[in-house]
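File shown: work-v3.txt (compact mmCIF, C-alpha atoms and all ligand atoms).
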```
# COMPACT_ATOMS: atom_id res chain seq x y z
CA MET A 28 12.07 -10.08 10.71
CA SER A 29 9.25 -8.02 9.40
CA PHE A 30 6.52 -9.12 7.02
CA THR A 31 6.11 -6.78 4.07
CA ILE A 32 2.79 -6.50 2.27
CA ALA A 33 2.46 -4.37 -0.86
CA VAL A 34 -0.65 -3.40 -2.80
CA SER A 35 -0.48 -2.73 -6.52
CA GLY A 36 -2.89 -2.39 -9.43
CA LYS A 37 -4.27 0.07 -11.93
CA GLY A 38 -5.54 3.44 -10.70
CA GLY A 39 -8.93 3.33 -9.02
CA THR A 40 -8.99 -0.43 -8.49
CA GLY A 41 -9.11 -0.01 -4.70
CA LYS A 42 -5.45 -0.22 -3.64
CA THR A 43 -5.65 2.40 -0.94
CA THR A 44 -8.96 1.07 0.35
CA LEU A 45 -7.48 -2.43 0.59
CA ALA A 46 -4.30 -1.16 2.26
CA GLY A 47 -6.51 0.46 4.91
CA MET A 48 -8.40 -2.79 5.41
CA ILE A 49 -5.14 -4.71 5.84
CA ILE A 50 -3.99 -2.33 8.55
CA ARG A 51 -7.33 -2.53 10.31
CA PHE A 52 -7.18 -6.35 10.13
CA LEU A 53 -3.68 -6.44 11.64
CA LEU A 54 -4.74 -4.07 14.42
CA ASP A 55 -7.83 -6.09 15.25
CA LYS A 56 -5.69 -9.22 15.40
CA GLY A 57 -3.40 -7.50 17.88
CA LYS A 58 -0.49 -7.69 15.45
CA GLY A 59 2.19 -5.08 15.32
CA PRO A 60 4.03 -2.81 15.39
CA ILE A 61 2.78 -1.70 11.97
CA LEU A 62 4.31 0.78 9.57
CA ALA A 63 1.96 2.08 6.87
CA VAL A 64 3.83 3.44 3.85
CA ASP A 65 2.09 5.73 1.42
CA ALA A 66 4.21 5.36 -1.72
CA ASP A 67 1.71 7.17 -3.94
CA SER A 68 2.91 10.65 -4.82
CA ASN A 69 -0.72 11.80 -4.50
CA SER A 70 -0.78 10.66 -0.89
CA ASN A 71 -4.24 9.73 0.35
CA LEU A 72 -3.71 6.66 2.51
CA ASN A 73 -3.90 9.01 5.49
CA GLU A 74 -7.48 9.94 4.53
CA VAL A 75 -8.51 6.30 4.34
CA LEU A 76 -6.89 5.78 7.75
CA GLY A 77 -8.33 8.97 9.20
CA VAL A 78 -5.05 10.56 10.25
CA GLN A 79 -3.39 13.88 9.50
CA ILE A 80 0.12 13.98 8.10
CA ARG A 81 2.41 16.88 8.87
CA SER A 82 4.85 16.40 6.02
CA THR A 83 6.00 13.94 3.40
CA ILE A 84 9.53 12.74 2.71
CA GLY A 85 9.36 14.56 -0.64
CA GLU A 86 8.60 17.82 1.13
CA THR A 87 11.38 17.51 3.66
CA ARG A 88 13.93 16.66 0.99
CA GLU A 89 14.84 20.25 0.19
CA THR A 90 15.33 21.24 3.81
CA MET A 91 17.35 18.09 4.41
CA LYS A 92 19.75 19.09 1.67
CA LYS A 93 20.17 22.68 2.78
CA ASP A 94 20.44 23.27 6.45
CA VAL A 95 22.27 20.56 8.31
CA PRO A 96 22.57 22.30 11.67
CA VAL A 97 26.05 23.00 12.97
CA GLY A 98 27.35 20.17 15.10
CA MET A 99 25.01 17.58 13.57
CA THR A 100 26.06 14.87 11.14
CA LYS A 101 24.08 14.45 7.93
CA ASP A 102 22.92 11.01 9.06
CA ILE A 103 21.58 12.22 12.37
CA TRP A 104 19.89 15.13 10.64
CA PHE A 105 18.31 12.70 8.21
CA GLU A 106 17.04 10.48 11.02
CA TYR A 107 15.62 13.51 12.75
CA LYS A 108 13.80 14.62 9.61
CA VAL A 109 12.41 11.12 8.98
CA GLN A 110 11.10 10.98 12.54
CA GLU A 111 9.53 14.37 11.96
CA ALA A 112 7.68 13.10 8.86
CA LEU A 113 6.50 9.98 10.70
CA THR A 114 2.95 10.17 11.98
CA GLU A 115 2.19 8.16 15.07
CA ALA A 116 -1.42 7.02 15.09
CA ARG A 117 -3.34 4.65 17.32
CA GLY A 118 -1.68 1.28 16.79
CA PHE A 119 0.36 2.14 13.72
CA ASP A 120 2.78 4.65 12.27
CA LEU A 121 2.43 6.24 8.86
CA ILE A 122 5.06 7.61 6.54
CA ALA A 123 4.14 9.30 3.25
CA MET A 124 6.71 9.55 0.48
CA GLY A 125 4.94 12.38 -1.35
CA ARG A 126 6.37 13.92 -4.46
CA PRO A 127 9.77 15.49 -4.83
CA GLU A 128 9.62 19.24 -4.39
CA GLY A 129 11.48 21.68 -6.54
CA PRO A 130 14.07 20.84 -9.17
CA GLY A 131 16.00 17.59 -9.22
CA CYS A 132 15.21 14.20 -10.53
CA TYR A 133 13.01 11.49 -9.09
CA CYS A 134 16.05 9.23 -8.66
CA ALA A 135 17.41 11.35 -5.86
CA ALA A 136 14.00 11.41 -4.22
CA ASN A 137 13.71 7.66 -4.57
CA THR A 138 17.12 7.06 -3.09
CA LEU A 139 16.02 9.16 -0.18
CA ALA A 140 12.75 7.27 0.13
CA ARG A 141 14.63 3.98 0.21
CA LYS A 142 17.08 5.24 2.79
CA CYS A 143 14.12 6.33 4.82
CA LEU A 144 12.42 2.96 4.61
CA ASP A 145 15.65 1.12 5.40
CA LEU A 146 16.02 3.27 8.46
CA LEU A 147 12.49 2.67 9.69
CA THR A 148 11.61 -0.89 8.81
CA GLY A 149 13.71 -2.58 11.45
CA ASN A 150 11.33 -1.25 14.09
CA TYR A 151 8.20 -2.87 12.71
CA GLN A 152 6.74 -6.34 12.49
CA TYR A 153 4.44 -5.50 9.58
CA ILE A 154 5.02 -3.06 6.75
CA VAL A 155 2.07 -2.25 4.50
CA ILE A 156 2.91 -0.35 1.33
CA ASP A 157 0.22 1.40 -0.71
CA ASN A 158 1.52 2.10 -4.20
CA GLU A 159 0.63 4.33 -7.07
CA ALA A 160 -0.50 2.80 -10.36
CA GLY A 161 2.93 2.66 -11.98
CA MET A 162 5.29 0.26 -10.23
CA GLU A 163 8.51 1.68 -11.66
CA HIS A 164 9.31 3.48 -8.46
CA PHE A 165 8.88 0.34 -6.45
CA SER A 166 12.25 -1.36 -6.88
CA ARG A 167 13.93 1.91 -6.02
CA LEU A 168 11.77 2.27 -2.98
CA THR A 169 12.74 -0.96 -1.36
CA THR A 170 15.49 -3.54 -1.58
CA ARG A 171 13.60 -5.73 0.82
CA ASP A 172 11.73 -8.87 -0.04
CA VAL A 173 8.03 -8.41 -0.45
CA ASP A 174 6.36 -11.26 1.39
CA LEU A 175 2.93 -10.69 -0.03
CA LEU A 176 1.94 -8.68 -3.07
CA PHE A 177 -1.72 -8.00 -3.74
CA ILE A 178 -2.52 -7.10 -7.33
CA LEU A 179 -5.91 -5.45 -7.62
CA SER A 180 -8.16 -5.53 -10.61
CA ASP A 181 -11.75 -5.21 -11.68
CA SER A 182 -13.45 -8.31 -13.03
CA SER A 183 -13.29 -7.40 -16.73
CA GLN A 184 -11.13 -9.39 -19.09
CA ARG A 185 -9.09 -6.29 -19.80
CA GLY A 186 -8.69 -5.71 -16.10
CA ILE A 187 -7.28 -9.19 -15.57
CA LEU A 188 -4.96 -8.71 -18.52
CA THR A 189 -3.72 -5.44 -17.03
CA ALA A 190 -3.17 -7.18 -13.69
CA SER A 191 -1.04 -9.80 -15.40
CA ARG A 192 0.96 -7.07 -17.12
CA ILE A 193 1.57 -5.42 -13.77
CA ARG A 194 2.73 -8.77 -12.42
CA ASP A 195 5.15 -9.14 -15.38
CA LEU A 196 6.41 -5.62 -14.86
CA ILE A 197 7.10 -6.30 -11.21
CA HIS A 198 8.91 -9.50 -12.14
CA ALA A 199 11.19 -7.47 -14.37
CA LEU A 200 12.23 -5.39 -11.37
CA ASP A 201 15.07 -6.37 -9.15
CA LEU A 202 12.90 -7.57 -6.28
CA ARG A 203 12.01 -10.78 -4.59
CA ILE A 204 8.30 -11.37 -4.22
CA VAL A 205 7.53 -14.35 -2.05
CA ARG A 206 3.85 -14.58 -2.93
CA GLU A 207 1.58 -12.67 -5.27
CA VAL A 208 -2.15 -12.80 -5.23
CA LEU A 209 -4.85 -11.32 -7.43
CA VAL A 210 -7.72 -9.55 -5.67
CA VAL A 211 -10.68 -8.60 -7.79
CA ASN A 212 -12.63 -5.67 -6.47
CA ARG A 213 -16.04 -4.09 -6.96
CA VAL A 214 -17.61 -7.20 -8.39
CA GLN A 215 -21.35 -7.15 -9.13
CA GLY A 216 -22.87 -10.53 -8.36
CA GLU A 217 -20.92 -13.65 -9.30
CA PRO A 218 -18.13 -13.40 -11.85
CA GLY A 219 -18.82 -15.41 -15.01
CA SER A 220 -16.88 -18.41 -16.28
CA GLU A 221 -14.96 -16.17 -18.76
CA PHE A 222 -13.54 -14.41 -15.75
CA TYR A 223 -12.17 -17.58 -14.19
CA GLU A 224 -10.84 -18.70 -17.56
CA GLU A 225 -8.99 -15.43 -18.04
CA VAL A 226 -7.48 -15.62 -14.54
CA LYS A 227 -6.28 -19.14 -15.30
CA LYS A 228 -4.99 -18.18 -18.73
CA GLN A 229 -2.95 -15.36 -17.19
CA ASN A 230 -1.60 -17.77 -14.61
CA LEU A 231 -2.70 -15.62 -11.68
CA GLU A 232 -3.46 -16.91 -8.22
CA LEU A 233 -6.92 -15.67 -7.29
CA GLY A 234 -6.93 -14.63 -3.65
CA GLY A 235 -10.55 -13.64 -3.65
CA VAL A 236 -13.25 -11.33 -4.86
CA LEU A 237 -14.64 -8.23 -3.12
CA PRO A 238 -18.18 -7.19 -3.92
CA VAL A 239 -19.17 -3.69 -4.84
CA ASP A 240 -20.23 -2.20 -1.51
CA GLU A 241 -22.39 0.93 -1.26
CA GLU A 242 -21.11 1.48 2.23
CA VAL A 243 -17.54 1.91 1.00
CA TYR A 244 -18.84 4.42 -1.49
CA ARG A 245 -20.96 6.17 1.15
CA TYR A 246 -18.08 6.52 3.60
CA ASP A 247 -15.90 7.89 0.86
CA SER A 248 -18.40 10.46 -0.35
CA GLU A 249 -19.06 11.61 3.23
CA GLY A 250 -15.32 12.01 3.80
CA LYS A 251 -15.31 9.28 6.44
CA PRO A 252 -12.22 7.05 6.58
CA THR A 253 -13.10 3.63 5.09
CA PHE A 254 -10.67 2.23 7.68
CA GLN A 255 -13.56 2.68 10.11
CA LEU A 256 -16.05 0.61 8.12
CA PRO A 257 -17.91 -1.82 10.34
CA LEU A 258 -16.96 -5.49 10.25
CA GLU A 259 -20.39 -6.26 8.83
CA SER A 260 -19.59 -4.37 5.64
CA LYS A 261 -19.69 -6.82 2.73
CA ALA A 262 -16.39 -5.69 1.26
CA VAL A 263 -14.65 -5.83 4.65
CA GLN A 264 -15.91 -9.35 5.27
CA SER A 265 -14.67 -10.61 1.92
CA ALA A 266 -11.34 -8.84 2.36
CA ARG A 267 -10.87 -10.42 5.77
CA ARG A 268 -11.41 -13.89 4.37
CA ILE A 269 -8.53 -13.20 2.00
CA PHE A 270 -6.31 -11.79 4.76
CA GLU A 271 -6.98 -14.81 6.96
CA LYS A 272 -5.62 -17.00 4.17
CA TYR A 273 -2.46 -15.08 3.43
CA ILE A 274 -1.43 -13.03 6.44
CA GLN A 275 -0.08 -14.85 9.48
N1 LIG B 1 -15.60 -2.71 -2.93
C1 LIG B 1 -15.88 -1.44 -3.19
N2 LIG B 1 -17.15 -1.02 -3.34
C2 LIG B 1 -17.46 0.26 -3.63
N3 LIG B 1 -16.54 1.23 -3.79
C3 LIG B 1 -15.23 0.89 -3.65
C4 LIG B 1 -14.83 -0.45 -3.35
N4 LIG B 1 -13.48 -0.47 -3.26
C5 LIG B 1 -13.07 0.79 -3.50
N5 LIG B 1 -14.11 1.62 -3.75
C6 LIG B 1 -14.05 3.06 -4.06
O1 LIG B 1 -13.37 3.21 -5.28
C7 LIG B 1 -12.61 4.40 -5.31
C8 LIG B 1 -11.14 4.09 -5.63
O2 LIG B 1 -10.57 3.36 -4.56
P1 LIG B 1 -9.06 3.58 -4.10
O3 LIG B 1 -8.82 2.64 -2.98
O4 LIG B 1 -8.78 5.02 -3.88
O5 LIG B 1 -8.30 3.08 -5.42
P2 LIG B 1 -6.76 3.23 -5.81
O6 LIG B 1 -5.98 3.46 -4.56
O7 LIG B 1 -6.42 1.93 -6.48
O8 LIG B 1 -6.68 4.38 -6.78
C9 LIG B 1 -12.78 5.03 -3.95
O9 LIG B 1 -13.78 6.01 -4.02
C10 LIG B 1 -13.24 3.87 -3.07
O10 LIG B 1 -14.01 4.29 -1.99
MG MG B 2 -4.60 4.93 -4.06
```
Translate this structure into structure tokens?
Ligand SMILES: Nc1ncnc2c1ncn2[C@@H]1O[C@H](COP(=O)(O)OP(=O)(O)O)[C@@H](O)[C@H]1O
Ligand SMILES: [Mg+2]
Amino acid sequence: MSFTIAVSGKGGTGKTTLAGMIIRFLLDKGKGPILAVDADSNSNLNEVLGVQIRSTIGETRETMKKDVPVGMTKDIWFEYKVQEALTEARGFDLIAMGRPEGPGCYCAANTLARKCLDLLTGNYQYIVIDNEAGMEHFSRLTTRDVDLLFILSDSSQRGILTASRIRDLIHALDLRIVREVLVVNRVQGEPGSEFYEEVKKQNLELGGVLPVDEEVYRYDSEGKPTFQLPLESKAVQSARRIFEKYIQ
């Protein structure tokens, strides 16, 4: 049985950065095999992880439809194409869903993405899914239970409110979430009492707080994968305390 971790939250709250830190944490703990899933149509998890992707599932969709080679079944062709889109990196594999190419609706692309995940997930102990801001695609992406859902937010009252709305939206989807945890990112100093009150009012479980970290920013602006941030980095240290609590 694999353990599925998903990261959600408003755009720019640090989802992809956190997904990278989770993968790094699992690797350092010697846990695996790990499948990293980039479910954001503007794929950039690969940049945070410092790996190149050859193609996305969205890109291969058109060719999958058209040219099933003679003598091959559609299923085998599909498996072949999924393997082709899978990037094998040091200690983990990465699959990017990308955006659907050409005409056709997102539903077909989502069905394909789900088929792809269903095909792959059996091979991995840990699945880490980085999402885009909207979560609508999520229930179509996976029928699996999500063991741990991180909801990211900033520390503003509005941010916490948005996080609770995202939580409600996810609850409305046909998915089983075993545990959901709020992670507040890019915090300056100590959050005030209003912050804790709002978290309580919204009935969110606070997993922890990550400080604003110039090193994260510096890595990013230099085009260096934040996955490679040193353990001493403030944000990495805080993130690891959270992971220690929730990821076995
Ligand atoms: N704790 C942090 N301190 C400083 N910058 C951060 C921190 N967390 C994330 N960032 C930066 O914020 C930006 C958005 O992060 P990202 O992970 O891409 O968000 P999302 O995936 O939610 O859109 C990136 O430039 C990232 O490097
Ligand atoms: Mg992102």
Each chain A residue no farther than 6 Å from ligand LIG 1 (chain B), nearest pair in Å, all atoms listed in the file, as a Markdown table:
```
| residue | atom | partner | partner_atom | distance |
| --- | --- | --- | --- | --- |
| A:Gly38 | CA | B:LIG1 | O8 | 4.2 |
| A:Gly39 | CA | B:LIG1 | O8 | 3.3 |
| A:Thr40 | CA | B:LIG1 | O7 | 4.0 |
| A:Gly41 | CA | B:LIG1 | O3 | 3.2 |
| A:Lys42 | CA | B:LIG1 | O7 | 3.7 |
| A:Thr43 | CA | B:LIG1 | O3 | 3.8 |
| A:Thr44 | CA | B:LIG1 | O3 | 3.7 |
| A:Asn212 | CA | B:LIG1 | N1 | 5.5 |
| A:Arg213 | CA | B:LIG1 | N1 | 4.3 |
| A:Leu237 | CA | B:LIG1 | N1 | 5.6 |
| A:Pro238 | CA | B:LIG1 | N1 | 5.3 |
| A:Val239 | CA | B:LIG1 | N2 | 3.7 |
| A:Asp240 | CA | B:LIG1 | N2 | 3.8 |
| A:Glu241 | CA | B:LIG1 | C2 | 5.5 |
| A:Val243 | CA | B:LIG1 | C2 | 4.9 |
| A:Tyr244 | CA | B:LIG1 | N3 | 4.6 |
| A:Asp247 | CA | B:LIG1 | O10 | 5.0 |
| A:Ala262 | CA | B:LIG1 | N1 | 5.2 |
```
Expected answer as JSON, numbers by chain: residues within 12 Å of ligand MG 2 (chain B), only C-alpha atoms and all ligand atoms | {"A": [34, 35, 36, 37, 38, 39, 40, 41, 42, 43, 44, 45, 46, 47, 64, 65, 66, 67, 68, 69, 70, 71, 72, 73, 74, 75, 156, 157, 158, 159, 160, 161, 179]}
For the selection you just gave me, I'd like the residues written to a file as a PDB file, in the coordinates of the input, keeping C-alpha atoms.
```pdb
ATOM      1  CA  VAL A  34      -0.650  -3.400  -2.800  1.00  0.00           C
ATOM      2  CA  SER A  35      -0.480  -2.730  -6.520  1.00  0.00           C
ATOM      3  CA  GLY A  36      -2.890  -2.390  -9.430  1.00  0.00           C
ATOM      4  CA  LYS A  37      -4.270   0.070 -11.930  1.00  0.00           C
ATOM      5  CA  GLY A  38      -5.540   3.440 -10.700  1.00  0.00           C
ATOM      6  CA  GLY A  39      -8.930   3.330  -9.020  1.00  0.00           C
ATOM      7  CA  THR A  40      -8.990  -0.430  -8.490  1.00  0.00           C
ATOM      8  CA  GLY A  41      -9.110  -0.010  -4.700  1.00  0.00           C
ATOM      9  CA  LYS A  42      -5.450  -0.220  -3.640  1.00  0.00           C
ATOM     10  CA  THR A  43      -5.650   2.400  -0.940  1.00  0.00           C
ATOM     11  CA  THR A  44      -8.960   1.070   0.350  1.00  0.00           C
ATOM     12  CA  LEU A  45      -7.480  -2.430   0.590  1.00  0.00           C
ATOM     13  CA  ALA A  46      -4.300  -1.160   2.260  1.00  0.00           C
ATOM     14  CA  GLY A  47      -6.510   0.460   4.910  1.00  0.00           C
ATOM     15  CA  VAL A  64       3.830   3.440   3.850  1.00  0.00           C
ATOM     16  CA  ASP A  65       2.090   5.730   1.420  1.00  0.00           C
ATOM     17  CA  ALA A  66       4.210   5.360  -1.720  1.00  0.00           C
ATOM     18  CA  ASP A  67       1.710   7.170  -3.940  1.00  0.00           C
ATOM     19  CA  SER A  68       2.910  10.650  -4.820  1.00  0.00           C
ATOM     20  CA  ASN A  69      -0.720  11.800  -4.500  1.00  0.00           C
ATOM     21  CA  SER A  70      -0.780  10.660  -0.890  1.00  0.00           C
ATOM     22  CA  ASN A  71      -4.240   9.730   0.350  1.00  0.00           C
ATOM     23  CA  LEU A  72      -3.710   6.660   2.510  1.00  0.00           C
ATOM     24  CA  ASN A  73      -3.900   9.010   5.490  1.00  0.00           C
ATOM     25  CA  GLU A  74      -7.480   9.940   4.530  1.00  0.00           C
ATOM     26  CA  VAL A  75      -8.510   6.300   4.340  1.00  0.00           C
ATOM     27  CA  ILE A 156       2.910  -0.350   1.330  1.00  0.00           C
ATOM     28  CA  ASP A 157       0.220   1.400  -0.710  1.00  0.00           C
ATOM     29  CA  ASN A 158       1.520   2.100  -4.200  1.00  0.00           C
ATOM     30  CA  GLU A 159       0.630   4.330  -7.070  1.00  0.00           C
ATOM     31  CA  ALA A 160      -0.500   2.800 -10.360  1.00  0.00           C
ATOM     32  CA  GLY A 161       2.930   2.660 -11.980  1.00  0.00           C
ATOM     33  CA  LEU A 179      -5.910  -5.450  -7.620  1.00  0.00           C
TER      34      LEU A 179
END
```
Taking (0.0, 2.3, 15.7) in the file's own coordinates, collect the residues within 9 Å, counting all atoms listed in the file, and hand them back as a short mmCIF file (atom, residue, chain, number, x, y, z; two decimals) with C-alpha atoms, keeping the file's coordinate frame.
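What landed in out06.cif:
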```cif
data_model
loop_
_atom_site.label_atom_id
_atom_site.label_comp_id
_atom_site.auth_asym_id
_atom_site.auth_seq_id
_atom_site.Cartn_x
_atom_site.Cartn_y
_atom_site.Cartn_z
CA LEU A 54 -4.74 -4.07 14.42
CA GLY A 59 2.19 -5.08 15.32
CA PRO A 60 4.03 -2.81 15.39
CA ILE A 61 2.78 -1.70 11.97
CA LEU A 62 4.31 0.78 9.57
CA GLU A 115 2.19 8.16 15.07
CA ALA A 116 -1.42 7.02 15.09
CA ARG A 117 -3.34 4.65 17.32
CA GLY A 118 -1.68 1.28 16.79
CA PHE A 119 0.36 2.14 13.72
CA ASP A 120 2.78 4.65 12.27
CA LEU A 121 2.43 6.24 8.86
#
```
Which of these, A:Ser260, A:Thr31, A:Ser182, A:Thr189, has the shortest distance to A:Thr148 once you count only C-alpha atoms?
-> A:Thr31
Provide the atom CA of A:Leu176 to atom CA of A:Ile204 distance in Å, to one decimal place.
-> 7.0 Å
So how far away is atom CA of A:Ala199 from atom CA of A:Ile84, in Å?
->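 So the two atoms, atom CA of A:Ile84 and atom CA of A:Ala199, lie 26.5 Å apart.
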Check the smallest atom-to-atom distance from each of A:Leu231, A:Ala140, A:Ile274, A:Ala112 to A:Ile193 using only C-alpha atoms, then report the winner.
-> A:Leu231
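The space between atom CA of A:Phe52 and atom CA of A:Val205 spans 20.7 Å.
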Leaving out A:Leu209 and any residue of its chain fewer than 5 positions from it, which residues lie within 7 Å of it when counting all atoms listed in the file, given as number ranges by chain?
-> A: 177-179, 231-234
Give me the residues within 9 Å of A:Phe222 as a list in words, counting all atoms listed in the file and dropping any in the same chain fewer than 5 places off.
->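 With the cut-off at 9 Å, the set is Ser182, Ser183, Gln184, Ile187 and Lys227 of chain A.
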For A:Gly149, please output as an NGL selection string all residues within 10 Å (counting all atoms listed in the file; exclusion window: fewer than 4 positions along the same chain).
-> :A and (28-29 or 144-145 or 153-154)
Please, could you write that set of residues out with C-alpha atoms as a compact mmCIF listing (two decimals), in the frame of the given file?
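Contents of selection.txt, as written:
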```
# COMPACT_ATOMS: atom_id res chain seq x y z
CA MET A 28 12.07 -10.08 10.71
CA SER A 29 9.25 -8.02 9.40
CA LEU A 144 12.42 2.96 4.61
CA ASP A 145 15.65 1.12 5.40
CA TYR A 153 4.44 -5.50 9.58
CA ILE A 154 5.02 -3.06 6.75
```
Top pick for closest residue to A:Val214, considering A:Arg192, A:Tyr246, A:Ser180, A:Arg185 and counting only C-alpha atoms =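 Distance minimum relative to A:Val214 lands on A:Ser180.
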Within 9 Å of stretch 195-198 of chain A, counting all atoms listed in the file, which residues qualify if same-chain residues fewer than 3 places away don't, as an mmCIF file with C-alpha atoms, keeping the file's coordinate frame?
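Contents of result-v4.cif, as written:
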```cif
data_model
loop_
_atom_site.group_PDB
_atom_site.id
_atom_site.type_symbol
_atom_site.label_atom_id
_atom_site.label_comp_id
_atom_site.auth_asym_id
_atom_site.auth_seq_id
_atom_site.Cartn_x
_atom_site.Cartn_y
_atom_site.Cartn_z
ATOM 1 C CA MET A 162 5.290 0.260 -10.230
ATOM 2 C CA GLU A 163 8.510 1.680 -11.660
ATOM 3 C CA PHE A 165 8.880 0.340 -6.450
ATOM 4 C CA SER A 166 12.250 -1.360 -6.880
ATOM 5 C CA ALA A 190 -3.170 -7.180 -13.690
ATOM 6 C CA SER A 191 -1.040 -9.800 -15.400
ATOM 7 C CA ARG A 192 0.960 -7.070 -17.120
ATOM 8 C CA ASP A 201 15.070 -6.370 -9.150
ATOM 9 C CA LEU A 202 12.900 -7.570 -6.280
ATOM 10 C CA ARG A 203 12.010 -10.780 -4.590
ATOM 11 C CA ILE A 204 8.300 -11.370 -4.220
#
```
Using all atoms listed in the file, the best pick from A:Ala33, A:Leu256, A:Met99, A:Ala63 as closest to A:Tyr151 would be A:Ala63
Box time for stretch 225-241 of chain A: axis-aligned, enclosing all its listed atoms, 3 Å extra on each side; report centre and edge lengths in Å to one decimal, as lines of an AutoDock Vina configuration file.
```
center_x = -12.0
center_y = -9.1
center_z = -10.0
size_x = 26.8
size_y = 26.1
size_z = 23.5
```
One residue among A:Arg171, A:Lys108, A:Lys228, A:Arg51 is nearest to A:Gly77 when using only C-alpha atoms, and that residue is A:Arg51
Which one of A:Glu224, A:Ile122, A:Thr138, A:Gln275 sits closest to A:Gly57 if you count only C-alpha atoms?
-> A:Gln275
